[in-house]
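Trainee: Below are the structure tokens for one structure; questions will follow.
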Amino acid sequence: MTAPRILVVDDEPNIRDLLSQSLRFAGFQVKTVGNGAATISAVLEEEPDLIVLDVMLPDMNGFSVTTRLRDHGFTAPILFLTAKDETEDKIKGLNAGGDDYVTKPFSLDEIVARIQAILRRTMQDTEDEQVIRAGELTMDQDTHDVFVGDAQIDLSPTEFKLLRYLMLNPNRVLSKAQILDHVWEYDFNGDAGIVESYISYLRRKIDPHASESLIQTKRGFGYMLKVDKAG
């Protein structure tokens with residue numbers, strides 16, 4: 001089995017060296033670059049299985065790099081590195097298409113563990129059935145097409161993962177902690193506000209095409225995707 005390919009992007013040579021050494025020791029293939037333009041070129045040359053991406057780069061920030069990559073169809077996971085720890089920055093990064101977020105200073109062991117967790121989830125996703133159906137919702141995991149009835153809706157990568165988790169657990173109340181653990185695979189130091197934000201994003205996209213509001217709030221407990229069992 002070929003070792004996963006990791007692209008490390010950071011403008012500080014010492015951080016690039018530390019990460020590349022640790023990741024190679026953990027069994028990954030590693031390539032490093034120091035700016036956003038080089039990141040885009042590296043992805044075009046050889047698509048990595050995951051990118052470790054510093055937010056503060058000399059030519060463009062990591063959020064802009066991520067948006068450009070996602071717009072061009074790059075779907076592999078992206079793990080942000082940054083000195084910023086505000087929830088707004090985390091939401092901005094994840095909404096741009098990121099999959100995880102680590103603040104500096106960080107533990108090398110934590111970085112390796114986060115990467116392994118993300119890749120486990122990615123590999124598991126590829127083994128699941130291609131099409132998921134839950135009531136009025138249909139999701140194709142290969143093409144990332146999502147339909148409410150006959151209406152196709154566009155979702156960000158994070159919205160897609162959240163809706164997928166809800167669809168795999170229809171008529172089951174999921175706590176904010178469970179959602180954070182399964183969608184983001186870590187919590188924001190107990191900050192569950194990001195779950196509320198993304199539930200709201202999904203409702204705004206789904207509800208106009210549904211016969212009723214499908215994502216229900218169970219106050220004090222969490223959220224549930226309501227599916228007519230008879231249908």
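Simple scheme: letters A, B, ... for chains in structure tokens order, numbers from 1 for residues in each chain, numbers from 1 for ligands in the order shown.
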Wanna dump the range 143-219 of chain A-range 89-107 of chain A contacts at 8 Å for me, each residue with its shortest atom pair and the distance in Å to one decimal, counting only C-alpha atoms, ordered by chain and number, as a tab-separated table?

Mentor:
```
residue	atom	partner	partner_atom	distance
A:Ser156	CA	A:Gly97	CA	6.6
A:Pro157	CA	A:Gly97	CA	5.5
A:Thr158	CA	A:Gly97	CA	6.5
A:Trp184	CA	A:Asp100	CA	6.4
A:Glu185	CA	A:Asp100	CA	7.9
A:Ile194	CA	A:Ile91	CA	6.7
```

Trainee: Looking only at the backbone, which of the residues in chain A does DSSP tag as alpha helix (DSSP H), as a PyMOL selection string?

Mentor: chain A and resi 13-25+36-45+62-71+87-95+108-127+157-167+176-179+193-206

Trainee: State, in Å with one decimal place, the distance from CA of Asn171 in chain A to CA of Arg120 in chain A.

Mentor: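 Separating CA of Asn171 in chain A from CA of Arg120 in chain A is a distance of 26.2 Å.
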
Trainee: Env of range 16-24 of chain A: 12 Å cut, atoms = only C-alpha atoms, seq-sep filter 4 positions within chain, self excluded. Answer as a PyMOL selection string.

Mentor: chain A and resi 3-12+28-35+50-54+81+106-116

Trainee: Pick the closest to Thr82 in chain A from A:Leu202, A:Met139, A:Ile15, A:Ile132: which is it, counting only C-alpha atoms?

Mentor: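 Checking each of A:Leu202, A:Met139, A:Ile15, A:Ile132 against Thr82 in chain A, counting only C-alpha atoms, the winner is A:Ile15.
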
Trainee: Enumerate the residues of range 100-187 of chain A with a DSSP assignment of strand (DSSP E), computed from the backbone, and present them as a list in words.

Mentor: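 Taking range 100-187 of chain A and keeping strand (DSSP E) only, one gets Asp100, Tyr101, Val102, Thr103, Val131, Ile132, Arg133, Ala134, Leu137, Thr138, Met139, Asp140, Val146, Phe147, Val148, Ala151, Gln152 and Ile153 of chain A.
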
Trainee: Using Å and a single decimal, report how far CA of Ala151 in chain A sits from CA of Asn169 in chain A.

Mentor: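 Going from CA of Asn169 in chain A over to CA of Ala151 in chain A covers 22.1 Å.
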
Trainee: Rounded to one decimal, what separation in Å do you get between CA of Gln152 in chain A and CA of Leu166 in chain A?

Mentor: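 CA of Leu166 in chain A lies 17.8 Å from CA of Gln152 in chain A.
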
Trainee: What lies within 8 Å of Tyr165 in chain A using only C-alpha atoms, ignoring chain neighbours under 6 positions off, as number ranges by chain?

Mentor: A: 179, 182-183
